>>> print(open('structure_29.cif').read())   # mmCIF, C-alpha atoms
data_target
#
loop_
_atom_site.label_atom_id
_atom_site.label_comp_id
_atom_site.auth_asym_id
_atom_site.auth_seq_id
_atom_site.Cartn_x
_atom_site.Cartn_y
_atom_site.Cartn_z
CA MET A 1 0.00 0.00 0.00
CA SER A 2 1.24 3.47 -0.81
CA ALA A 3 2.13 5.78 2.04
CA PRO A 4 -0.63 8.12 3.18
CA ALA A 5 -0.38 11.77 2.26
CA PRO A 6 1.19 13.95 4.93
CA SER A 7 -1.16 16.02 7.03
CA ALA A 8 -1.46 19.75 6.54
CA SER A 9 0.63 20.23 9.67
CA THR A 10 3.62 18.36 8.26
CA ALA A 11 6.57 20.75 8.19
CA SER A 12 8.32 21.32 4.90
CA LEU A 13 11.65 19.50 4.56
CA SER A 14 14.17 21.77 2.87
CA TYR A 15 17.33 20.88 0.97
CA GLU A 16 19.26 22.87 3.58
CA GLN A 17 17.84 20.70 6.38
CA ALA A 18 19.17 17.70 4.46
CA GLY A 19 22.67 19.16 4.68
CA VAL A 20 23.00 21.01 1.36
CA ASN A 21 23.06 24.81 1.36
CA TYR A 22 23.82 26.32 -2.05
CA ASP A 23 24.06 29.77 -0.47
CA LEU A 24 27.27 28.50 1.17
CA ILE A 25 28.52 26.38 -1.72
CA ASP A 26 27.95 28.71 -4.67
CA PRO A 27 30.17 31.59 -3.43
CA LEU A 28 33.10 29.16 -3.26
CA LYS A 29 32.37 28.06 -6.81
CA VAL A 30 32.42 31.66 -7.98
CA ALA A 31 35.68 32.38 -6.14
CA ALA A 32 37.26 29.24 -7.61
CA GLN A 33 36.16 30.21 -11.12
CA ARG A 34 37.78 33.62 -10.77
CA ALA A 35 41.04 32.14 -9.51
CA ALA A 36 40.96 29.53 -12.26
CA ALA A 37 40.42 32.18 -14.94
CA ALA A 38 43.68 33.81 -13.89
CA THR A 39 45.56 30.64 -14.89
CA ALA A 40 44.36 30.60 -18.51
CA GLY A 41 47.51 32.38 -19.71
CA HIS A 42 49.55 29.25 -19.04
CA LEU A 43 48.00 27.69 -22.15
CA ALA A 44 49.85 30.18 -24.34
CA GLY A 45 53.12 28.53 -23.43
CA HIS A 46 51.86 25.42 -25.21
CA GLY A 47 50.52 27.31 -28.20
CA PHE A 48 46.88 26.99 -27.15
CA THR A 49 44.14 29.27 -25.83
CA GLU A 50 40.99 28.80 -23.82
CA VAL A 51 37.49 29.56 -25.02
CA PRO A 52 36.64 32.29 -22.49
CA ALA A 53 32.88 31.79 -22.88
CA SER A 54 33.24 28.26 -21.50
CA ARG A 55 34.16 29.69 -18.09
CA GLY A 56 31.14 29.13 -15.89
CA GLU A 57 29.67 26.55 -18.25
CA SER A 58 29.38 22.85 -17.45
CA ALA A 59 32.63 21.96 -19.28
CA TYR A 60 35.88 23.79 -20.00
CA VAL A 61 36.99 24.23 -23.60
CA VAL A 62 40.50 24.71 -25.02
CA ASP A 63 41.28 25.73 -28.60
CA VAL A 64 44.05 23.46 -29.87
CA GLY A 65 43.98 24.63 -33.49
CA PRO A 66 42.03 22.33 -35.83
CA PHE A 67 39.48 21.46 -33.13
CA TYR A 68 38.49 22.15 -29.54
CA LEU A 69 39.04 19.91 -26.51
CA ALA A 70 36.55 19.89 -23.64
CA SER A 71 36.94 18.41 -20.18
CA ILE A 72 34.95 17.89 -16.99
CA VAL A 73 35.16 16.10 -13.65
CA GLU A 74 32.07 15.25 -11.61
CA CYS A 75 31.30 13.16 -8.54
CA LEU A 76 28.25 10.99 -8.04
CA GLY A 77 27.24 12.42 -4.68
CA SER A 78 25.34 10.35 -2.15
CA LYS A 79 23.26 8.06 -4.40
CA ALA A 80 25.52 5.10 -3.58
CA LEU A 81 24.24 5.29 0.01
CA VAL A 82 20.75 4.46 -1.27
CA ALA A 83 22.16 1.45 -3.14
CA ASP A 84 23.89 0.28 0.02
CA GLU A 85 20.69 0.56 2.08
CA MET A 86 18.67 -1.25 -0.56
CA LYS A 87 21.26 -4.04 -0.73
CA ALA A 88 20.80 -4.57 3.01
CA LEU A 89 17.00 -4.65 2.57
CA THR A 90 16.69 -6.70 -0.62
CA GLY A 91 19.98 -8.55 -1.12
CA ARG A 92 20.31 -7.03 -4.60
CA SER A 93 23.26 -5.05 -5.90
CA TYR A 94 22.32 -1.84 -7.67
CA TYR A 95 25.84 -0.85 -8.63
CA GLU A 96 25.45 -1.34 -12.38
CA GLY A 97 23.00 1.56 -12.30
CA ILE A 98 25.21 3.49 -9.89
CA ALA A 99 28.06 3.21 -12.42
CA GLN A 100 25.85 4.67 -15.15
CA ASP A 101 24.83 7.49 -12.80
CA THR A 102 28.47 8.39 -12.20
CA ILE A 103 29.40 8.45 -15.87
CA ALA A 104 26.24 10.39 -16.70
CA MET A 105 27.21 13.12 -14.25
CA ALA A 106 30.35 13.78 -16.32
CA VAL A 107 29.16 12.98 -19.84
CA ASN A 108 25.91 14.94 -19.58
CA ASP A 109 27.90 18.00 -18.51
CA LEU A 110 30.52 17.57 -21.23
CA ILE A 111 28.02 17.47 -24.09
CA THR A 112 26.49 20.83 -23.15
CA VAL A 113 29.34 22.58 -25.00
CA GLY A 114 28.88 20.51 -28.16
CA ALA A 115 31.56 17.94 -27.39
CA THR A 116 31.72 14.31 -28.42
CA PRO A 117 32.87 12.29 -25.39
CA LEU A 118 36.14 10.46 -26.07
CA VAL A 119 37.63 9.18 -22.81
CA VAL A 120 36.26 8.54 -19.32
CA GLN A 121 38.45 8.05 -16.25
CA ALA A 122 37.22 6.44 -13.03
CA TYR A 123 37.76 7.52 -9.43
CA TRP A 124 36.55 4.93 -6.91
CA ALA A 125 37.64 5.86 -3.39
CA ALA A 126 36.58 3.34 -0.75
CA GLY A 127 36.60 3.59 3.02
CA GLY A 128 38.85 0.53 3.16
CA SER A 129 40.18 -2.28 1.03
CA ASP A 130 37.42 -4.58 2.24
CA TRP A 131 34.88 -2.69 0.10
CA PHE A 132 36.41 -4.30 -2.98
CA GLY A 133 36.10 -7.75 -1.36
CA ASP A 134 32.37 -7.90 -2.13
CA ALA A 135 32.74 -9.55 -5.53
CA GLN A 136 29.10 -9.16 -6.56
CA ARG A 137 29.12 -5.45 -5.89
CA ALA A 138 32.55 -4.81 -7.40
CA GLN A 139 31.74 -6.78 -10.56
CA ALA A 140 28.44 -4.93 -10.94
CA LEU A 141 30.30 -1.62 -10.74
CA VAL A 142 32.74 -2.74 -13.46
CA ALA A 143 30.01 -4.16 -15.70
CA GLY A 144 27.85 -1.06 -15.35
CA TRP A 145 30.78 1.25 -16.02
CA LYS A 146 31.66 -0.58 -19.25
CA ALA A 147 28.03 -0.73 -20.37
CA ALA A 148 27.64 3.03 -19.92
CA CYS A 149 30.87 3.62 -21.86
CA ASP A 150 29.56 1.41 -24.66
CA ARG A 151 26.27 3.30 -24.75
CA CYS A 152 28.12 6.62 -25.08
CA GLY A 153 30.78 5.30 -27.49
CA VAL A 154 33.52 6.43 -25.13
CA ALA A 155 36.79 4.74 -24.18
CA TRP A 156 37.41 3.88 -20.54
CA GLY A 157 40.97 5.07 -20.16
CA GLY A 158 41.76 4.06 -16.59
CA GLY A 159 41.25 5.30 -13.09
CA GLU A 160 42.16 5.36 -9.42
CA THR A 161 40.93 3.06 -6.64
CA PRO A 162 42.29 4.38 -3.34
CA ALA A 163 41.37 2.97 0.06
CA LEU A 164 40.88 6.08 2.20
CA ALA A 165 40.18 4.89 5.72
CA GLY A 166 39.55 7.88 7.95
CA ILE A 167 38.50 10.06 5.02
CA VAL A 168 35.76 7.92 3.47
CA GLU A 169 33.50 6.16 5.96
CA SER A 170 34.11 2.44 6.42
CA GLY A 171 31.93 0.34 4.12
CA ARG A 172 31.25 3.25 1.78
CA ILE A 173 32.63 4.42 -1.56
CA ASP A 174 33.00 7.86 -3.16
CA LEU A 175 32.58 7.66 -6.93
CA ALA A 176 33.57 10.22 -9.54
CA ALA A 177 34.38 10.40 -13.24
CA SER A 178 36.30 12.73 -15.50
CA CYS A 179 35.62 12.98 -19.20
CA THR A 180 37.52 14.47 -22.13
CA GLY A 181 35.84 15.21 -25.43
CA ILE A 182 36.44 16.74 -28.83
CA ILE A 183 34.49 19.45 -30.64
CA ASN A 184 35.06 18.75 -34.31
CA PRO A 185 34.15 20.50 -36.50
CA LYS A 186 34.57 23.67 -34.49
CA SER A 187 31.12 24.81 -35.60
CA ARG A 188 29.67 22.37 -33.06
CA LEU A 189 30.87 24.57 -30.19
CA SER A 190 27.83 25.49 -28.11
CA VAL A 191 28.49 28.09 -25.41
CA GLY A 192 25.51 30.31 -26.10
CA ASP A 193 26.98 32.83 -28.52
CA GLN A 194 24.14 32.03 -30.95
CA LEU A 195 21.42 31.82 -28.30
CA GLY A 196 18.70 34.40 -28.88
CA ALA A 197 15.07 35.37 -29.11
CA GLY A 198 13.09 33.00 -31.28
CA ASP A 199 14.95 29.85 -30.26
CA ALA A 200 12.87 26.88 -29.19
CA ILE A 201 13.36 25.09 -25.86
CA VAL A 202 13.24 21.30 -26.10
CA LEU A 203 13.29 19.36 -22.84
CA LEU A 204 14.54 15.77 -22.70
CA ALA A 205 12.84 13.53 -20.16
CA SER A 206 14.53 12.32 -17.02
CA SER A 207 14.22 8.79 -15.63
CA GLY A 208 13.58 10.04 -12.10
CA ILE A 209 15.70 11.86 -9.57
CA HIS A 210 18.93 11.10 -11.50
CA ALA A 211 21.85 11.84 -9.13
CA ASN A 212 20.83 15.20 -7.68
CA GLY A 213 18.66 15.83 -4.66
CA LEU A 214 19.61 12.55 -3.00
CA SER A 215 20.49 14.23 0.29
CA LEU A 216 16.89 15.44 0.50
CA ALA A 217 15.52 12.11 -0.71
CA ARG A 218 17.49 10.15 1.89
CA LYS A 219 16.45 12.50 4.69
CA LEU A 220 12.84 11.98 3.68
CA THR A 221 12.98 8.27 4.56
CA GLU A 222 12.77 9.28 8.23
CA ARG A 223 9.16 10.34 7.54
CA LEU A 224 8.09 7.25 5.60
CA PRO A 225 6.30 4.34 7.29
CA GLN A 226 8.47 1.68 5.62
CA GLY A 227 11.51 3.77 4.75
CA TYR A 228 12.97 2.82 1.38
CA LEU A 229 10.41 0.01 1.00
CA THR A 230 7.48 2.44 1.05
CA GLU A 231 5.53 2.16 -2.21
CA VAL A 232 5.73 5.04 -4.65
CA ALA A 233 3.52 3.27 -7.17
CA PRO A 234 2.06 -0.24 -7.25
CA GLY A 235 4.97 -2.68 -7.18
CA LEU A 236 7.60 0.07 -7.04
CA SER A 237 9.36 0.92 -3.80
CA TYR A 238 10.80 4.32 -2.96
CA GLY A 239 14.34 2.91 -2.95
CA GLU A 240 13.96 1.23 -6.33
CA ALA A 241 12.50 4.39 -7.83
CA LEU A 242 15.38 6.49 -6.51
CA LEU A 243 17.87 4.06 -8.06
CA ALA A 244 16.58 4.34 -11.63
CA PRO A 245 19.81 5.12 -13.55
CA THR A 246 20.40 8.62 -14.88
CA VAL A 247 19.68 8.97 -18.60
CA LEU A 248 22.77 9.24 -20.81
CA TYR A 249 22.02 12.05 -23.25
CA SER A 250 25.12 11.91 -25.49
CA PRO A 251 23.50 9.51 -28.00
CA VAL A 252 20.87 12.22 -28.57
CA THR A 253 23.35 15.06 -29.04
CA GLU A 254 25.47 12.94 -31.37
CA ALA A 255 22.40 12.03 -33.43
CA LEU A 256 21.45 15.72 -33.62
CA ALA A 257 24.93 16.57 -34.92
CA ARG A 258 24.75 13.86 -37.57
CA ALA A 259 21.39 15.22 -38.69
CA GLY A 260 22.75 18.75 -39.01
CA VAL A 261 20.69 20.22 -36.17
CA THR A 262 22.30 23.40 -34.81
CA VAL A 263 22.23 23.47 -31.02
CA HIS A 264 22.57 27.06 -29.82
CA TYR A 265 22.86 26.15 -26.14
CA SER A 266 22.32 23.26 -23.73
CA ALA A 267 21.76 22.86 -20.01
CA ASN A 268 22.14 19.73 -17.90
CA ILE A 269 19.35 20.03 -15.34
CA THR A 270 21.04 18.80 -12.19
CA GLY A 271 21.52 20.78 -8.95
CA HIS A 272 19.35 23.93 -8.78
CA GLY A 273 16.59 22.18 -10.72
CA TRP A 274 14.91 24.18 -13.49
CA ARG A 275 16.83 27.29 -12.47
CA LYS A 276 19.60 25.79 -14.62
CA LEU A 277 17.65 27.08 -17.63
CA LEU A 278 18.93 30.50 -16.56
CA ARG A 279 22.58 29.42 -16.69
CA HIS A 280 23.63 31.54 -19.67
CA PRO A 281 24.46 35.14 -18.68
CA ALA A 282 22.47 36.75 -21.51
CA GLU A 283 19.47 38.94 -20.72
CA LEU A 284 16.74 36.75 -22.16
CA THR A 285 13.34 35.46 -21.10
CA TYR A 286 12.67 31.73 -21.20
CA ARG A 287 8.94 31.08 -21.51
CA ILE A 288 7.72 27.54 -20.85
CA HIS A 289 4.24 26.64 -22.14
CA THR A 290 4.42 22.84 -21.79
CA VAL A 291 5.92 20.87 -18.91
CA PRO A 292 6.89 17.18 -19.19
CA ALA A 293 5.28 14.47 -17.10
CA VAL A 294 6.70 14.28 -13.59
CA PRO A 295 8.09 10.84 -12.62
CA PRO A 296 6.13 9.31 -9.71
CA VAL A 297 9.15 9.36 -7.39
CA LEU A 298 9.61 13.11 -7.82
CA ARG A 299 5.94 13.84 -7.22
CA PHE A 300 6.18 11.58 -4.15
CA ILE A 301 9.19 13.54 -2.82
CA GLN A 302 7.43 16.84 -3.43
CA GLN A 303 4.33 15.68 -1.59
CA HIS A 304 6.03 14.14 1.41
CA ALA A 305 8.64 16.88 1.76
CA GLY A 306 5.85 19.46 1.78
CA HIS A 307 7.19 21.43 -1.18
CA ASP A 308 5.10 23.75 -3.31
CA ASP A 309 5.72 23.73 -7.05
CA ARG A 310 8.22 26.58 -6.93
CA GLU A 311 10.42 24.86 -4.36
CA ALA A 312 10.18 21.50 -6.14
CA TYR A 313 11.15 22.96 -9.52
CA SER A 314 14.00 24.93 -7.96
CA THR A 315 15.54 21.78 -6.48
CA LEU A 316 14.63 18.71 -8.57
CA ASN A 317 14.53 18.04 -12.31
CA MET A 318 10.77 17.31 -12.16
CA GLY A 319 10.87 15.23 -15.32
CA ALA A 320 13.27 17.30 -17.43
CA GLY A 321 16.86 16.06 -17.34
CA PHE A 322 18.37 18.09 -20.18
CA ALA A 323 17.44 21.24 -22.11
CA LEU A 324 18.28 22.00 -25.74
CA PHE A 325 17.93 25.48 -27.23
CA VAL A 326 17.61 25.12 -30.99
CA PRO A 327 16.37 27.17 -33.96
CA ARG A 328 12.56 27.14 -34.04
CA GLU A 329 12.49 25.49 -37.45
CA GLN A 330 14.51 22.55 -36.10
CA ALA A 331 12.50 22.01 -32.93
CA GLU A 332 10.20 19.24 -34.17
CA GLN A 333 13.14 17.45 -35.78
CA THR A 334 14.99 17.64 -32.45
CA VAL A 335 12.05 16.04 -30.66
CA ALA A 336 11.81 13.27 -33.26
CA ILE A 337 15.54 12.50 -33.12
CA ALA A 338 15.50 12.29 -29.33
CA ARG A 339 12.57 9.89 -29.40
CA ALA A 340 14.32 7.76 -32.03
CA GLU A 341 17.19 7.41 -29.54
CA GLY A 342 14.76 6.22 -26.88
CA VAL A 343 14.54 9.50 -24.96
CA GLU A 344 11.16 11.19 -24.62
CA ALA A 345 11.22 14.87 -25.54
CA VAL A 346 8.82 17.79 -25.58
CA LEU A 347 8.80 21.16 -27.31
CA ALA A 348 8.40 23.10 -24.09
CA GLY A 349 8.73 26.77 -24.90
CA GLN A 350 10.71 29.54 -26.49
CA VAL A 351 13.35 32.17 -25.85
CA GLU A 352 12.23 35.79 -25.98
CA ALA A 353 13.81 39.21 -25.73
CA GLY A 354 13.39 40.75 -22.31
CA ALA A 355 14.54 40.56 -18.72
CA LYS A 356 16.50 37.50 -17.63
CA GLN A 357 13.83 35.25 -16.21
CA LEU A 358 12.25 31.82 -16.50
CA LEU A 359 8.48 31.72 -16.72
CA ILE A 360 6.88 28.30 -16.23
CA GLU A 361 3.40 29.41 -17.26
CA PRO A 362 1.37 26.22 -16.56
CA LEU A 363 2.51 26.39 -12.93
CA SER A 364 2.63 30.19 -12.54
CA ILE A 365 6.30 30.01 -11.49
CA ARG A 366 8.85 32.74 -12.14
CA PHE A 367 12.58 32.50 -11.52
CA ALA A 368 14.64 35.66 -11.98
CA SER A 369 18.35 36.22 -12.56
CA ASP A 370 19.05 36.48 -8.82
CA ASP A 371 17.65 32.96 -8.30
CA LEU A 372 20.80 31.44 -9.84
CA GLN A 373 24.29 32.78 -9.16
CA LEU A 374 26.94 30.50 -10.67
CA ARG A 375 29.40 33.05 -12.10
#
>>> encode(input="structure_29.cif", output="structure tokens")
Amino acid sequence: MSAPAPSASTASLSYEQAGVNYDLIDPLKVAAQRAAAATAGHLAGHGFTEVPASRGESAYVVDVGPFYLASIVECLGSKALVADEMKALTGRSYYEGIAQDTIAMAVNDLITVGATPLVVQAYWAAGGSDWFGDAQRAQALVAGWKAACDRCGVAWGGGETPALAGIVESGRIDLAASCTGIINPKSRLSVGDQLGAGDAIVLLASSGIHANGLSLARKLTERLPQGYLTEVAPGLSYGEALLAPTVLYSPVTEALARAGVTVHYSANITGHGWRKLLRHPAELTYRIHTVPAVPPVLRFIQQHAGHDDREAYSTLNMGAGFALFVPREQAEQTVAIARAEGVEAVLAGQVEAGAKQLLIEPLSIRFASDDLQLR
């Protein structure tokens, strides 16, 4: 039986209460970006230059002459903790999906600048050597990592597997991936210089929570009658729903490139939820007239955490895992190509001249420029 709806007196559970406060994290990111920008001159000693507009984007781009190189490093976050708890409850290993989540965190960021992923590196830091002694779990991690690489057409170059007792908690693992890609031809570069009024906004569907918002989702189990085994939908537990692997979007972006679709800008909708649609610094209005279906697990989290629509859409992906900004005349083709690659897509809105803001009209939500400070 599904969990009962919370009473009207149930207090809202915020992301900050779950241990994540972007007001503290984001200023460090901005400071780091400014310090990093001061190092760009070192590239000149090698005969290369950076693409300045990639500063503050999801991947960093270097001009090496005949093509661009892009790179990114991302960690999984706390989703592995859900897999560990579900293993204790069900006896199943969920680490094949966890591997895909980790690679997706890097690859889905890399492709926002128009890059084709080439090489992935693994970082698997365990709380002790005994973590690797669980053969079922370790083999699932390897198999899932290779399967995700195969899906993206990317080489697995190598990695690091340190045992960090005293830094990583015993019995746990910290997973991360770095990815290097190529932008060739150079015309595929997508850092927003062509983004403008009239562009269409196409949203690619998510499979669920992906790998962002897990701190909140884990905290929520304290309110649920059966914890991770609480039903979200008939036959689907909360834990299983949370562990649906993150969608890998690079097959879609590669198919778009082959078809000649011009992507003016992209956004990986991860932390900060739909506010990520405001990532580009340009003064533009993003008007959404159609929202995708919300996965049951995200609606469940919203309900039981006591979030209104504005808070939910500012934190979670709410069914949209990736945004593509394309010429209006190529919008329907973009949707069709995504669906042909097995990813549901919707023509959600358009870019307009005006103040920097995101208007989600069906929900009467407005996010302004001061709702996202990443630069």
>>> resolve_selection(input="structure_29.cif", expression="the PyMOL selection byres ((chain A and resi 112) around 9)", output="mmCIF file with C-alpha atoms, in the coordinates of the input")
data_model
loop_
_atom_site.group_PDB
_atom_site.id
_atom_site.type_symbol
_atom_site.label_atom_id
_atom_site.label_comp_id
_atom_site.auth_asym_id
_atom_site.auth_seq_id
_atom_site.Cartn_x
_atom_site.Cartn_y
_atom_site.Cartn_z
ATOM 1 C CA GLU A 57 29.670 26.550 -18.250
ATOM 2 C CA SER A 58 29.380 22.850 -17.450
ATOM 3 C CA ALA A 59 32.630 21.960 -19.280
ATOM 4 C CA VAL A 107 29.160 12.980 -19.840
ATOM 5 C CA ASN A 108 25.910 14.940 -19.580
ATOM 6 C CA ASP A 109 27.900 18.000 -18.510
ATOM 7 C CA LEU A 110 30.520 17.570 -21.230
ATOM 8 C CA ILE A 111 28.020 17.470 -24.090
ATOM 9 C CA VAL A 113 29.340 22.580 -25.000
ATOM 10 C CA GLY A 114 28.880 20.510 -28.160
ATOM 11 C CA ALA A 115 31.560 17.940 -27.390
ATOM 12 C CA SER A 190 27.830 25.490 -28.110
ATOM 13 C CA VAL A 191 28.490 28.090 -25.410
ATOM 14 C CA THR A 253 23.350 15.060 -29.040
ATOM 15 C CA TYR A 265 22.860 26.150 -26.140
ATOM 16 C CA SER A 266 22.320 23.260 -23.730
ATOM 17 C CA ALA A 267 21.760 22.860 -20.010
ATOM 18 C CA ASN A 268 22.140 19.730 -17.900
ATOM 19 C CA LEU A 324 18.280 22.000 -25.740
#
>>> atom_distance(input="structure_29.cif", atom1="atom CA of A:Ile25", atom2="atom CA of A:Gly181")
27.2 Å
>>> closest_residue(input="structure_29.cif", among="A:Glu361, A:Asp84, A:Asp26, A:Asp199", to="A:Arg218", atoms="only C-alpha atoms")
A:Asp84
>>> residues_around(input="structure_29.cif", residues="A:Ile103", least_positions_apart="5", cutoff="10 Å", atoms="all atoms listed in the file", output="list in words")
Val73, Glu74, Cys75, Leu76, Ile98, Asn108, Val120, Gln121, Ala122, Gly144, Trp145, Lys146, Ala148, Cys149, Cys152, Leu175, Ala176, Ala177, Ser178, Cys179, Thr246 and Leu248 of chain A
>>> atom_distance(input="structure_29.cif", atom1="atom CA of A:Trp274", atom2="atom CA of A:Ala241")
20.7 Å
>>> resolve_selection(input="structure_29.cif", expression="the PyMOL selection byres ((chain A and resi 282-296) around 9)", output="JSON, numbers by chain")
{"A": [192, 195, 196, 197, 201, 203, 204, 205, 206, 207, 208, 209, 232, 233, 241, 277, 278, 279, 280, 281, 297, 298, 299, 300, 301, 317, 318, 319, 320, 345, 346, 347, 348, 349, 350, 351, 352, 353, 354, 355, 356, 357, 358, 359, 360, 361, 362, 363, 369]}
>>> decode(input="structure_29.cif", residues="stretch 105-113 of chain A", atoms="all heavy atoms", output="PDB file, in the first residue's frame")
ATOM      1  N   MET A 105      26.926  11.828 -14.865  1.00  0.00           N
ATOM      2  CA  MET A 105      27.206  13.123 -14.252  1.00  0.00           C
ATOM      3  C   MET A 105      28.284  13.879 -15.024  1.00  0.00           C
ATOM      4  O   MET A 105      28.229  15.101 -15.153  1.00  0.00           O
ATOM      5  CB  MET A 105      27.641  12.938 -12.795  1.00  0.00           C
ATOM      6  CG  MET A 105      26.538  12.418 -11.882  1.00  0.00           C
ATOM      7  SD  MET A 105      25.159  13.568 -11.721  1.00  0.00           S
ATOM      8  CE  MET A 105      25.891  14.780 -10.620  1.00  0.00           C
ATOM      9  N   ALA A 106      29.271  13.150 -15.542  1.00  0.00           N
ATOM     10  CA  ALA A 106      30.347  13.780 -16.316  1.00  0.00           C
ATOM     11  C   ALA A 106      29.954  13.974 -17.771  1.00  0.00           C
ATOM     12  O   ALA A 106      30.092  15.073 -18.333  1.00  0.00           O
ATOM     13  CB  ALA A 106      31.622  12.951 -16.204  1.00  0.00           C
ATOM     14  N   VAL A 107      29.463  12.917 -18.410  1.00  0.00           N
ATOM     15  CA  VAL A 107      29.158  12.979 -19.839  1.00  0.00           C
ATOM     16  C   VAL A 107      28.060  13.998 -20.132  1.00  0.00           C
ATOM     17  O   VAL A 107      28.153  14.776 -21.090  1.00  0.00           O
ATOM     18  CB  VAL A 107      28.770  11.579 -20.353  1.00  0.00           C
ATOM     19  CG1 VAL A 107      28.115  11.673 -21.741  1.00  0.00           C
ATOM     20  CG2 VAL A 107      29.992  10.677 -20.427  1.00  0.00           C
ATOM     21  N   ASN A 108      27.013  14.017 -19.313  1.00  0.00           N
ATOM     22  CA  ASN A 108      25.909  14.944 -19.576  1.00  0.00           C
ATOM     23  C   ASN A 108      26.315  16.403 -19.388  1.00  0.00           C
ATOM     24  O   ASN A 108      25.685  17.293 -19.965  1.00  0.00           O
ATOM     25  CB  ASN A 108      24.714  14.614 -18.684  1.00  0.00           C
ATOM     26  CG  ASN A 108      24.034  13.313 -19.073  1.00  0.00           C
ATOM     27  OD1 ASN A 108      24.295  12.751 -20.127  1.00  0.00           O
ATOM     28  ND2 ASN A 108      23.160  12.833 -18.214  1.00  0.00           N
ATOM     29  N   ASP A 109      27.341  16.650 -18.591  1.00  0.00           N
ATOM     30  CA  ASP A 109      27.895  18.005 -18.510  1.00  0.00           C
ATOM     31  C   ASP A 109      28.762  18.308 -19.728  1.00  0.00           C
ATOM     32  O   ASP A 109      28.699  19.399 -20.297  1.00  0.00           O
ATOM     33  CB  ASP A 109      28.732  18.164 -17.238  1.00  0.00           C
ATOM     34  CG  ASP A 109      27.924  18.674 -16.056  1.00  0.00           C
ATOM     35  OD1 ASP A 109      26.717  18.947 -16.213  1.00  0.00           O
ATOM     36  OD2 ASP A 109      28.495  18.804 -14.963  1.00  0.00           O
ATOM     37  N   LEU A 110      29.591  17.352 -20.121  1.00  0.00           N
ATOM     38  CA  LEU A 110      30.519  17.570 -21.228  1.00  0.00           C
ATOM     39  C   LEU A 110      29.796  17.940 -22.517  1.00  0.00           C
ATOM     40  O   LEU A 110      30.230  18.829 -23.260  1.00  0.00           O
ATOM     41  CB  LEU A 110      31.372  16.314 -21.451  1.00  0.00           C
ATOM     42  CG  LEU A 110      32.486  16.479 -22.480  1.00  0.00           C
ATOM     43  CD1 LEU A 110      33.731  17.050 -21.828  1.00  0.00           C
ATOM     44  CD2 LEU A 110      32.813  15.156 -23.172  1.00  0.00           C
ATOM     45  N   ILE A 111      28.696  17.279 -22.801  1.00  0.00           N
ATOM     46  CA  ILE A 111      28.025  17.471 -24.087  1.00  0.00           C
ATOM     47  C   ILE A 111      27.315  18.811 -24.182  1.00  0.00           C
ATOM     48  O   ILE A 111      26.916  19.217 -25.287  1.00  0.00           O
ATOM     49  CB  ILE A 111      27.038  16.327 -24.379  1.00  0.00           C
ATOM     50  CG1 ILE A 111      25.933  16.277 -23.318  1.00  0.00           C
ATOM     51  CG2 ILE A 111      27.779  15.008 -24.487  1.00  0.00           C
ATOM     52  CD1 ILE A 111      24.856  15.236 -23.613  1.00  0.00           C
ATOM     53  N   THR A 112      27.175  19.537 -23.072  1.00  0.00           N
ATOM     54  CA  THR A 112      26.491  20.833 -23.147  1.00  0.00           C
ATOM     55  C   THR A 112      27.252  21.828 -24.008  1.00  0.00           C
ATOM     56  O   THR A 112      26.652  22.787 -24.517  1.00  0.00           O
ATOM     57  CB  THR A 112      26.282  21.448 -21.750  1.00  0.00           C
ATOM     58  OG1 THR A 112      27.551  21.676 -21.134  1.00  0.00           O
ATOM     59  CG2 THR A 112      25.425  20.551 -20.871  1.00  0.00           C
ATOM     60  N   VAL A 113      28.553  21.649 -24.186  1.00  0.00           N
ATOM     61  CA  VAL A 113      29.341  22.583 -24.998  1.00  0.00           C
ATOM     62  C   VAL A 113      29.518  22.102 -26.432  1.00  0.00           C
ATOM     63  O   VAL A 113      30.278  22.673 -27.203  1.00  0.00           O
ATOM     64  CB  VAL A 113      30.715  22.865 -24.355  1.00  0.00           C
ATOM     65  CG1 VAL A 113      30.541  23.578 -23.025  1.00  0.00           C
ATOM     66  CG2 VAL A 113      31.528  21.583 -24.187  1.00  0.00           C
TER      67      VAL A 113
END
